[in-house]
Structures are given as C-alpha cells and as structure tokens.
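Asks: This is the structure I want to talk about, given as structure tokens.
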Amino acid sequence: MKCLILGGGGFIGTHLVDTLLEHQHEVRVFDRPNLKVSARYSKRENIEWFEGDFLNIEDISRAMKGCDILFHLAWSTLPKSSNENIVYDCETNLVATLRLLDAACKYNIKKVVFTSSGGTVYGLPCELPIKETHPTEPIVPYGITKLTVEKYLKLYK
C-alpha cells in the first residue's frame with residue numbers, strides 16, 4: 001500500500017513513518033517546507049517527501065495522487081492557541097480538512113485515518129476514566145473542530 005501522511009514530520013508522524021516502513025509499505029510524507037526531519041529519511045527506500053502548504057489544495061492534491069491510505073495528522077493550532085483566533089482555527093483546520101476530503105474522493109483514497117483528540121473533544125469529564133460513550137462537550141475551539149471533523153468523516157464515509 002502507498003500511504004500518505006500529512007504532518008509526517010511531527011512526533012507522531014515520524015513514529016508512524018517508521019512503523020509503516022517496517023511493514024514494507026510505501027510512504028509519502030507531506031509537511032511544511034524546510035523541516036530538518038526529512039534528512040533522517042534521505043537514504044531510506046520506499047519513502048517520498050513532499051513539502052507544501054496544507055491550506056493549498058494543489059499542494060495536497062499533488063501529494064495525494066497514487067496513494068491508497070491517507071493519515072491526517074496535520075493541524076495548525078493547539079488547544080490554547082485556538083482560543084486566540086477562532087476563525088483562523090476553523091479556516092485552517094476544518095475548512096482545509098473538508099477540501100482535503102473532497103480531494104480524497106477525487107483521487108480514490110481508500111481509507112482516511114484521522115488523529116483526533118480525546119481530551120479536548122470530551123471536555124470536562126463527568127466520570128473517570130473517560131469512556132468513548134462519554135458525552136462530547138468541547139470547551140475550546142480546537143476540540144470543536146476536531147469533533148466536527150470526526151462528524152464529517154462519518155458523513156463522507
């Protein structure tokens with residue numbers, strides 16, 4: 001399988017890259033330009049490195065062509081910073097992800113794996129440990145956009 005990892009240069013992304021390569025998958029990483037982590041993989045086979053802007057659908061489409069699975073790890077905000085500019089959080093994460101999902105349909109991506117955020121989509125816990133059936137009551141824009149993407153993924157499925 002050819003796997004595309006958006007945000008593959010981050011902490012989770014690099015571990016995912018290593019695991020997919022160990023399992024003999026072809027890996028294409030898409031991340032911001034000038035990340036030093038790309039040198040870590042420069043001599044490895046079965047890996048391609050694409051640089052671009054997550055908000056630019058042409059950059060994303062170029063990376064998506066020929067891939068079977070898409071791992072969506074890219075996100076432009078953190079829980080705290082999402083409060084500083086709610087519109088930015090929505091435009092750069094939710095709207096960009098909807099464009100991504102449209103492109104995934106166009107390029108016949110067979111599966112999309114999205115890393116959400118349990119702590120922020122559930123909000124303040126009613127009970128511990130938090131179960132997946134716990135009500136979702138996000139208290140920051142970051143959690144709202146993550147949860148909204150989860151809902152859209154169900155719709156696109």
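All residue names refer to the structure tokens as shown: chains lettered A, B, ... in order, residues numbered from 1 in each chain, ligands numbered from 1 in order.
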Taking 3 positions as the minimum chain separation for residues in the same chain, which residues sit within 7 Å of Lys146 in chain A when counting only C-alpha atoms? Answer as a PyMOL selection string.

Replies: chain A and resi 116-117+121+142-143+149-150

Asks: Write a file of the selected residues as a CSV table (one decimal), in the first residue's frame, keeping all heavy atoms.

Replies:
```csv
chain,number,residue,atom,x,y,z
A,116,SER,N,-7.7,12.4,16.1
A,116,SER,CA,-8.5,13.4,16.8
A,116,SER,C,-7.8,13.7,18.2
A,116,SER,O,-6.6,13.6,18.3
A,116,SER,CB,-9.9,12.9,17.0
A,116,SER,OG,-10.7,13.9,17.5
A,117,SER,N,-8.6,14.1,19.2
A,117,SER,CA,-8.0,14.5,20.5
A,117,SER,C,-9.0,14.2,21.5
A,117,SER,O,-9.9,15.0,21.8
A,117,SER,CB,-7.7,16.0,20.4
A,117,SER,OG,-7.2,16.3,21.7
A,121,VAL,N,-12.1,16.8,22.9
A,121,VAL,CA,-13.5,16.6,22.3
A,121,VAL,C,-14.5,16.2,23.4
A,121,VAL,O,-15.7,16.5,23.3
A,121,VAL,CB,-13.5,15.5,21.2
A,121,VAL,CG1,-12.7,16.0,20.0
A,121,VAL,CG2,-13.2,14.1,21.6
A,142,TYR,N,-10.3,24.2,19.4
A,142,TYR,CA,-9.5,23.1,19.0
A,142,TYR,C,-10.4,21.8,19.1
A,142,TYR,O,-10.4,21.0,18.1
A,142,TYR,CB,-8.3,23.0,19.8
A,142,TYR,CG,-7.4,21.8,19.5
A,142,TYR,CD1,-6.3,22.0,18.7
A,142,TYR,CD2,-7.5,20.6,20.1
A,142,TYR,CE1,-5.4,21.0,18.4
A,142,TYR,CE2,-6.6,19.6,19.9
A,142,TYR,CZ,-5.6,19.8,19.0
A,142,TYR,OH,-4.7,18.7,18.8
A,143,GLY,N,-11.0,21.6,20.2
A,143,GLY,CA,-11.8,20.4,20.4
A,143,GLY,C,-13.1,20.4,19.5
A,143,GLY,O,-13.5,19.3,19.0
A,149,VAL,N,-14.7,17.5,12.5
A,149,VAL,CA,-14.0,16.7,11.5
A,149,VAL,C,-14.4,15.2,11.7
A,149,VAL,O,-14.7,14.5,10.7
A,149,VAL,CB,-12.5,16.8,11.5
A,149,VAL,CG1,-11.8,15.8,10.7
A,149,VAL,CG2,-12.1,18.2,11.0
A,150,GLU,N,-14.5,14.7,12.9
A,150,GLU,CA,-15.0,13.3,13.2
A,150,GLU,C,-16.4,13.1,12.6
A,150,GLU,O,-16.7,12.1,11.9
A,150,GLU,CB,-15.0,13.0,14.6
A,150,GLU,CG,-13.7,12.9,15.3
A,150,GLU,CD,-13.8,12.6,16.8
A,150,GLU,OE1,-14.9,12.0,17.2
A,150,GLU,OE2,-12.9,12.9,17.6
```

Asks: Mind the document's chain letters and residue numbers, and return as a list in words the residues of range 80-119 of chain A that DSSP labels helix (DSSP H, G or I).

Replies: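 Selecting the helix (DSSP H, G or I) positions of range 80-119 of chain A gives Lys80, Ser81, Ser82, Ile86, Val87, Tyr88, Asp89, Cys90, Glu91, Thr92, Asn93, Leu94, Val95, Ala96, Thr97, Leu98, Arg99, Leu100, Leu101, Asp102, Ala103, Ala104, Cys105, Lys106, Gly118 and Gly119 of chain A.
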
Asks: Can you list, as a PyMOL selection string, every protein, DNA or RNA residue that comes within 8 Å of range 76-82 of chain A when you count only C-alpha atoms, leaving out same-chain residues fewer than 5 positions away?

Replies: chain A and resi 88-89+92-93+120+140-143

Asks: Leaving out Phe71 in chain A and any residue of its chain fewer than 6 positions from it, which residues lie within 10 Å of it when counting only C-alpha atoms, given as a ChimeraX atom specification?

Replies: /A:3-8,13,16,29,111-115

Asks: Excluding same-chain residues fewer than 2 positions from range 61-64 of chain A, what lies within 12 Å of it counting only C-alpha atoms, as a compact mmCIF listing (two decimals) with all heavy atoms, in the first residue's frame?

Replies:
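This went into result-v5.txt:
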```
# COMPACT_ATOMS: atom_id res chain seq x y z
N LYS A 2 0.41 2.27 -0.69
CA LYS A 2 1.09 3.56 -0.65
C LYS A 2 0.33 4.45 0.31
O LYS A 2 -0.86 4.72 0.14
CB LYS A 2 1.16 4.20 -2.02
CG LYS A 2 1.95 5.52 -2.00
CD LYS A 2 2.21 6.04 -3.38
CE LYS A 2 3.65 5.75 -3.69
NZ LYS A 2 4.07 6.32 -4.96
N CYS A 3 1.03 4.91 1.35
CA CYS A 3 0.43 5.69 2.42
C CYS A 3 0.92 7.12 2.37
O CYS A 3 2.12 7.37 2.27
CB CYS A 3 0.81 5.09 3.77
SG CYS A 3 0.42 3.34 3.95
N LEU A 4 -0.01 8.06 2.47
CA LEU A 4 0.32 9.48 2.56
C LEU A 4 0.09 9.91 4.00
O LEU A 4 -0.99 9.69 4.55
CB LEU A 4 -0.55 10.31 1.62
CG LEU A 4 -0.46 11.83 1.76
CD1 LEU A 4 0.96 12.33 1.49
CD2 LEU A 4 -1.46 12.51 0.84
N ILE A 5 1.11 10.54 4.59
CA ILE A 5 1.00 11.03 5.95
C ILE A 5 1.11 12.54 5.92
O ILE A 5 2.17 13.10 5.63
CB ILE A 5 2.10 10.45 6.86
CG1 ILE A 5 2.08 8.92 6.80
CG2 ILE A 5 1.90 10.94 8.29
CD1 ILE A 5 3.25 8.28 7.49
N LEU A 6 0.00 13.21 6.20
CA LEU A 6 0.01 14.67 6.33
C LEU A 6 0.47 15.00 7.73
O LEU A 6 -0.12 14.55 8.71
CB LEU A 6 -1.38 15.25 6.10
CG LEU A 6 -2.03 14.97 4.76
CD1 LEU A 6 -3.42 15.55 4.73
CD2 LEU A 6 -1.19 15.52 3.64
N VAL A 27 5.75 4.93 1.58
CA VAL A 27 5.33 6.06 2.40
C VAL A 27 5.63 7.36 1.67
O VAL A 27 6.73 7.55 1.14
CB VAL A 27 6.03 6.04 3.77
CG1 VAL A 27 5.67 7.28 4.58
CG2 VAL A 27 5.67 4.78 4.55
N ARG A 28 4.65 8.22 1.67
CA ARG A 28 4.82 9.58 1.17
C ARG A 28 4.46 10.51 2.32
O ARG A 28 3.37 10.44 2.87
CB ARG A 28 3.90 9.83 -0.02
CG ARG A 28 4.06 11.21 -0.63
CD ARG A 28 3.19 11.36 -1.86
NE ARG A 28 3.69 10.54 -2.94
CZ ARG A 28 3.00 10.24 -4.04
NH1 ARG A 28 1.77 10.70 -4.19
NH2 ARG A 28 3.52 9.49 -4.98
N VAL A 29 5.40 11.37 2.68
CA VAL A 29 5.20 12.33 3.76
C VAL A 29 4.93 13.70 3.16
O VAL A 29 5.61 14.12 2.23
CB VAL A 29 6.44 12.40 4.68
CG1 VAL A 29 6.28 13.50 5.72
CG2 VAL A 29 6.69 11.06 5.35
N PHE A 30 3.92 14.38 3.69
CA PHE A 30 3.63 15.76 3.31
C PHE A 30 3.73 16.60 4.57
O PHE A 30 3.07 16.31 5.57
CB PHE A 30 2.23 15.89 2.71
CG PHE A 30 1.88 17.30 2.31
CD1 PHE A 30 2.16 17.75 1.03
CD2 PHE A 30 1.30 18.17 3.21
CE1 PHE A 30 1.86 19.05 0.66
CE2 PHE A 30 0.99 19.47 2.86
CZ PHE A 30 1.27 19.92 1.57
N ASP A 31 4.57 17.63 4.50
CA ASP A 31 4.70 18.52 5.66
C ASP A 31 5.18 19.88 5.20
O ASP A 31 5.43 20.09 4.01
CB ASP A 31 5.66 17.93 6.70
CG ASP A 31 5.18 18.19 8.13
OD1 ASP A 31 4.79 19.34 8.42
OD2 ASP A 31 5.20 17.26 8.94
N GLU A 48 8.89 8.97 0.08
CA GLU A 48 8.96 10.21 -0.68
C GLU A 48 8.62 11.34 0.28
O GLU A 48 7.80 11.17 1.17
CB GLU A 48 7.93 10.22 -1.81
CG GLU A 48 8.11 9.15 -2.85
CD GLU A 48 6.94 9.18 -3.83
OE1 GLU A 48 5.91 8.56 -3.49
OE2 GLU A 48 7.07 9.82 -4.88
N TRP A 49 9.22 12.50 0.04
CA TRP A 49 8.98 13.65 0.91
C TRP A 49 8.41 14.78 0.07
O TRP A 49 9.07 15.25 -0.87
CB TRP A 49 10.29 14.09 1.57
CG TRP A 49 10.06 15.01 2.71
CD1 TRP A 49 9.95 16.36 2.64
CD2 TRP A 49 9.87 14.68 4.08
NE1 TRP A 49 9.71 16.89 3.89
CE2 TRP A 49 9.65 15.88 4.79
CE3 TRP A 49 9.86 13.47 4.78
CZ2 TRP A 49 9.44 15.91 6.16
CZ3 TRP A 49 9.65 13.50 6.14
CH2 TRP A 49 9.44 14.72 6.82
N PHE A 50 7.20 15.20 0.37
CA PHE A 50 6.56 16.32 -0.31
C PHE A 50 6.45 17.48 0.67
O PHE A 50 6.03 17.29 1.81
CB PHE A 50 5.15 15.95 -0.77
CG PHE A 50 5.09 15.17 -2.04
CD1 PHE A 50 5.70 13.92 -2.16
CD2 PHE A 50 4.41 15.67 -3.15
CE1 PHE A 50 5.65 13.20 -3.32
CE2 PHE A 50 4.35 14.94 -4.32
CZ PHE A 50 4.97 13.71 -4.41
N GLU A 51 6.82 18.65 0.21
CA GLU A 51 6.68 19.85 1.03
C GLU A 51 5.61 20.75 0.43
O GLU A 51 5.46 20.80 -0.79
CB GLU A 51 8.01 20.61 1.10
CG GLU A 51 9.10 19.84 1.80
CD GLU A 51 10.40 20.61 1.88
OE1 GLU A 51 10.62 21.54 1.06
OE2 GLU A 51 11.21 20.29 2.76
N GLY A 52 4.87 21.43 1.29
CA GLY A 52 3.86 22.33 0.80
C GLY A 52 3.04 22.91 1.93
O GLY A 52 3.37 22.76 3.11
N ASP A 53 1.96 23.53 1.53
CA ASP A 53 1.07 24.20 2.45
C ASP A 53 -0.23 23.41 2.55
O ASP A 53 -0.89 23.16 1.54
CB ASP A 53 0.79 25.62 1.92
CG ASP A 53 -0.11 26.45 2.81
OD1 ASP A 53 -0.64 25.93 3.82
OD2 ASP A 53 -0.30 27.64 2.49
N PHE A 54 -0.60 23.01 3.76
CA PHE A 54 -1.83 22.24 3.98
C PHE A 54 -3.06 22.99 3.49
O PHE A 54 -4.05 22.39 3.11
CB PHE A 54 -1.96 21.89 5.47
CG PHE A 54 -3.22 21.14 5.81
CD1 PHE A 54 -3.49 19.91 5.24
CD2 PHE A 54 -4.13 21.67 6.70
CE1 PHE A 54 -4.65 19.22 5.54
CE2 PHE A 54 -5.30 20.98 7.02
CZ PHE A 54 -5.55 19.75 6.44
N LEU A 55 -3.00 24.31 3.47
CA LEU A 55 -4.13 25.11 3.02
C LEU A 55 -4.22 25.21 1.50
O LEU A 55 -5.23 25.69 0.97
CB LEU A 55 -4.06 26.51 3.62
CG LEU A 55 -4.03 26.57 5.14
CD1 LEU A 55 -3.91 28.01 5.60
CD2 LEU A 55 -5.24 25.91 5.74
N ASN A 56 -3.20 24.77 0.80
CA ASN A 56 -3.16 24.85 -0.65
C ASN A 56 -3.58 23.49 -1.22
O ASN A 56 -2.81 22.53 -1.19
CB ASN A 56 -1.75 25.23 -1.11
CG ASN A 56 -1.66 25.41 -2.60
OD1 ASN A 56 -2.32 24.74 -3.38
ND2 ASN A 56 -0.81 26.33 -3.01
N ILE A 57 -4.78 23.42 -1.75
CA ILE A 57 -5.32 22.14 -2.22
C ILE A 57 -4.50 21.59 -3.40
O ILE A 57 -4.44 20.38 -3.59
CB ILE A 57 -6.83 22.25 -2.56
CG1 ILE A 57 -7.46 20.86 -2.67
CG2 ILE A 57 -7.07 23.08 -3.80
CD1 ILE A 57 -7.36 20.02 -1.41
N GLU A 58 -3.86 22.45 -4.16
CA GLU A 58 -3.00 21.96 -5.24
C GLU A 58 -1.79 21.22 -4.69
O GLU A 58 -1.39 20.18 -5.22
CB GLU A 58 -2.57 23.12 -6.14
CG GLU A 58 -3.74 23.71 -6.92
CD GLU A 58 -3.42 25.06 -7.56
OE1 GLU A 58 -2.29 25.55 -7.43
OE2 GLU A 58 -4.34 25.61 -8.18
N ASP A 59 -1.19 21.73 -3.62
CA ASP A 59 -0.08 21.03 -2.97
C ASP A 59 -0.54 19.68 -2.43
O ASP A 59 0.13 18.65 -2.64
CB ASP A 59 0.49 21.85 -1.80
CG ASP A 59 1.29 23.07 -2.24
OD1 ASP A 59 1.56 23.22 -3.45
OD2 ASP A 59 1.65 23.87 -1.34
N GLY A 66 -2.05 8.78 -6.49
CA GLY A 66 -1.45 7.46 -6.45
C GLY A 66 -1.40 6.82 -5.07
O GLY A 66 -0.87 5.72 -4.93
N CYS A 67 -1.95 7.46 -4.06
CA CYS A 67 -1.92 6.90 -2.70
C CYS A 67 -3.20 6.12 -2.42
O CYS A 67 -4.25 6.38 -3.00
CB CYS A 67 -1.73 8.01 -1.67
SG CYS A 67 -0.09 8.75 -1.73
N ASP A 68 -3.07 5.15 -1.51
CA ASP A 68 -4.21 4.32 -1.12
C ASP A 68 -4.82 4.75 0.21
O ASP A 68 -6.02 4.73 0.38
CB ASP A 68 -3.77 2.85 -0.99
CG ASP A 68 -3.15 2.32 -2.27
OD1 ASP A 68 -3.87 2.29 -3.29
OD2 ASP A 68 -1.96 1.96 -2.26
N ILE A 69 -3.94 5.10 1.15
CA ILE A 69 -4.37 5.45 2.50
C ILE A 69 -3.84 6.83 2.85
O ILE A 69 -2.70 7.17 2.51
CB ILE A 69 -3.86 4.43 3.53
CG1 ILE A 69 -4.43 3.04 3.23
CG2 ILE A 69 -4.22 4.84 4.95
CD1 ILE A 69 -3.89 1.95 4.13
N LEU A 70 -4.66 7.61 3.54
CA LEU A 70 -4.28 8.95 3.97
C LEU A 70 -4.35 9.01 5.50
O LEU A 70 -5.38 8.70 6.09
CB LEU A 70 -5.24 9.97 3.36
CG LEU A 70 -5.23 11.38 3.93
CD1 LEU A 70 -3.91 12.07 3.63
CD2 LEU A 70 -6.38 12.18 3.35
N PHE A 71 -3.23 9.37 6.12
CA PHE A 71 -3.18 9.61 7.56
C PHE A 71 -3.15 11.12 7.75
O PHE A 71 -2.21 11.78 7.32
CB PHE A 71 -1.92 8.98 8.18
CG PHE A 71 -1.92 7.47 8.14
CD1 PHE A 71 -1.42 6.79 7.04
CD2 PHE A 71 -2.42 6.75 9.21
CE1 PHE A 71 -1.41 5.42 7.01
CE2 PHE A 71 -2.42 5.36 9.18
CZ PHE A 71 -1.91 4.69 8.07
N HIS A 72 -4.17 11.65 8.40
CA HIS A 72 -4.30 13.10 8.59
C HIS A 72 -3.86 13.47 10.00
O HIS A 72 -4.61 13.36 10.96
CB HIS A 72 -5.74 13.51 8.34
CG HIS A 72 -6.03 14.97 8.48
ND1 HIS A 72 -5.06 15.93 8.68
CD2 HIS A 72 -7.21 15.64 8.46
CE1 HIS A 72 -5.63 17.12 8.77
NE2 HIS A 72 -6.94 16.97 8.64
N ARG A 99 -11.76 20.40 2.32
CA ARG A 99 -11.16 20.40 0.98
C ARG A 99 -10.34 19.13 0.77
O ARG A 99 -10.35 18.53 -0.31
CB ARG A 99 -10.29 21.64 0.79
CG ARG A 99 -11.09 22.90 0.66
CD ARG A 99 -10.20 24.10 0.31
NE ARG A 99 -11.01 25.30 0.30
CZ ARG A 99 -10.80 26.35 1.08
NH1 ARG A 99 -9.78 26.37 1.93
NH2 ARG A 99 -11.59 27.39 1.03
N LEU A 100 -9.63 18.73 1.80
CA LEU A 100 -8.84 17.50 1.75
C LEU A 100 -9.74 16.29 1.49
O LEU A 100 -9.41 15.43 0.66
CB LEU A 100 -8.09 17.34 3.07
CG LEU A 100 -7.39 16.02 3.30
CD1 LEU A 100 -6.13 15.95 2.46
CD2 LEU A 100 -7.07 15.83 4.77
N LEU A 101 -10.86 16.20 2.17
CA LEU A 101 -11.76 15.08 2.00
C LEU A 101 -12.37 15.05 0.60
O LEU A 101 -12.54 13.98 0.01
CB LEU A 101 -12.86 15.09 3.07
CG LEU A 101 -12.36 14.87 4.50
CD1 LEU A 101 -13.51 15.01 5.50
CD2 LEU A 101 -11.65 13.54 4.65
N ASP A 102 -12.70 16.22 0.06
CA ASP A 102 -13.16 16.28 -1.33
C ASP A 102 -12.10 15.74 -2.28
O ASP A 102 -12.39 14.97 -3.20
CB ASP A 102 -13.54 17.71 -1.73
CG ASP A 102 -14.88 18.15 -1.17
OD1 ASP A 102 -15.68 17.28 -0.75
OD2 ASP A 102 -15.14 19.37 -1.16
N ALA A 103 -10.86 16.15 -2.07
CA ALA A 103 -9.76 15.67 -2.92
C ALA A 103 -9.54 14.17 -2.74
O ALA A 103 -9.26 13.46 -3.71
CB ALA A 103 -8.48 16.44 -2.61
N ALA A 104 -9.69 13.68 -1.51
CA ALA A 104 -9.54 12.24 -1.27
C ALA A 104 -10.57 11.45 -2.07
O ALA A 104 -10.26 10.38 -2.60
CB ALA A 104 -9.67 11.95 0.23
N CYS A 105 -11.77 11.96 -2.18
CA CYS A 105 -12.79 11.31 -3.01
C CYS A 105 -12.37 11.34 -4.47
O CYS A 105 -12.46 10.33 -5.18
CB CYS A 105 -14.14 11.99 -2.84
SG CYS A 105 -14.88 11.78 -1.22
N LYS A 106 -11.89 12.48 -4.93
CA LYS A 106 -11.47 12.65 -6.32
C LYS A 106 -10.35 11.68 -6.68
O LYS A 106 -10.33 11.12 -7.78
CB LYS A 106 -11.02 14.09 -6.54
CG LYS A 106 -10.50 14.37 -7.93
CD LYS A 106 -10.05 15.82 -8.06
CE LYS A 106 -9.44 16.08 -9.43
NZ LYS A 106 -8.95 17.46 -9.55
N TYR A 107 -9.40 11.47 -5.77
CA TYR A 107 -8.25 10.62 -6.04
C TYR A 107 -8.42 9.19 -5.53
O TYR A 107 -7.46 8.43 -5.47
CB TYR A 107 -6.97 11.26 -5.48
CG TYR A 107 -6.60 12.49 -6.24
CD1 TYR A 107 -6.82 13.76 -5.72
CD2 TYR A 107 -6.08 12.41 -7.53
CE1 TYR A 107 -6.51 14.90 -6.43
CE2 TYR A 107 -5.76 13.55 -8.25
CZ TYR A 107 -5.98 14.79 -7.69
OH TYR A 107 -5.67 15.92 -8.41
N ASN A 108 -9.65 8.82 -5.20
CA ASN A 108 -10.00 7.46 -4.81
C ASN A 108 -9.16 6.92 -3.65
O ASN A 108 -8.71 5.77 -3.68
CB ASN A 108 -9.89 6.51 -6.02
CG ASN A 108 -10.86 6.88 -7.10
OD1 ASN A 108 -12.04 7.12 -6.83
ND2 ASN A 108 -10.38 6.97 -8.33
N ILE A 109 -8.95 7.75 -2.65
CA ILE A 109 -8.27 7.29 -1.44
C ILE A 109 -9.18 6.27 -0.78
O ILE A 109 -10.35 6.53 -0.54
CB ILE A 109 -7.97 8.47 -0.50
CG1 ILE A 109 -7.06 9.51 -1.17
CG2 ILE A 109 -7.37 7.98 0.82
CD1 ILE A 109 -5.67 9.04 -1.51
N LYS A 110 -8.63 5.10 -0.47
CA LYS A 110 -9.45 4.01 0.06
C LYS A 110 -9.77 4.16 1.54
O LYS A 110 -10.80 3.68 2.02
CB LYS A 110 -8.73 2.68 -0.17
CG LYS A 110 -8.59 2.32 -1.64
CD LYS A 110 -7.70 1.10 -1.82
CE LYS A 110 -7.49 0.76 -3.27
NZ LYS A 110 -6.76 1.73 -4.03
N VAL A 112 -9.15 6.91 5.14
CA VAL A 112 -8.62 8.09 5.81
C VAL A 112 -8.55 7.78 7.30
O VAL A 112 -9.54 7.37 7.90
CB VAL A 112 -9.51 9.33 5.57
CG1 VAL A 112 -9.00 10.52 6.38
CG2 VAL A 112 -9.58 9.67 4.08
```

Asks: Which one is closest to Ile12 in chain A: A:Glu91, A:Leu73, A:Pro129, A:His134? Count only C-alpha atoms.

Replies: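 Selected residue with least distance to Ile12 in chain A: A:Leu73.
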
Asks: What is the distance, in Å and to one decimal place, between CA of Ile144 in chain A and CA of Val87 in chain A?

Replies: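 So the answer is 12.1 Å.
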
Asks: Please indicate the distance in Å from CA of His15 in chain A to CA of Tyr156 in chain A, rounded to one decimal place.

Replies: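 A separation of 27.4 Å between them.
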
Asks: Considering only C-alpha atoms, state which residue in the set A:Lys151, A:Arg32, A:Lys131, A:His23 is at the smallest distance from Ala74 in chain A.

Replies: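 Among the listed residues, A:Arg32 lies closest to Ala74 in chain A.
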
Asks: List every residue of chain A that DSSP, applied to the backbone, labels as strand (DSSP E), and write the result as a list of chain:residue names.

Replies: A:Lys2, A:Cys3, A:Leu4, A:Ile5, A:Leu6, A:Glu26, A:Val27, A:Arg28, A:Val29, A:Phe30, A:Asp31, A:Ile47, A:Glu48, A:Trp49, A:Phe50, A:Glu51, A:Ile69, A:Leu70, A:Phe71, A:His72, A:Lys111, A:Val112, A:Val113, A:Phe114

Asks: Please, what distance in Å, to one decimal, runs between CA of Tyr152 in chain A and CA of Asn85 in chain A?

Replies: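 Computing it gives 22.2 Å between the two atoms.
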
Asks: What's the 9 Å shell around Leu124 in chain A, counting only C-alpha atoms, without same-chain residues fewer than 5 positions away, as a list in words?

Replies: Gly119, Glu137, Pro138 and Ile139 of chain A
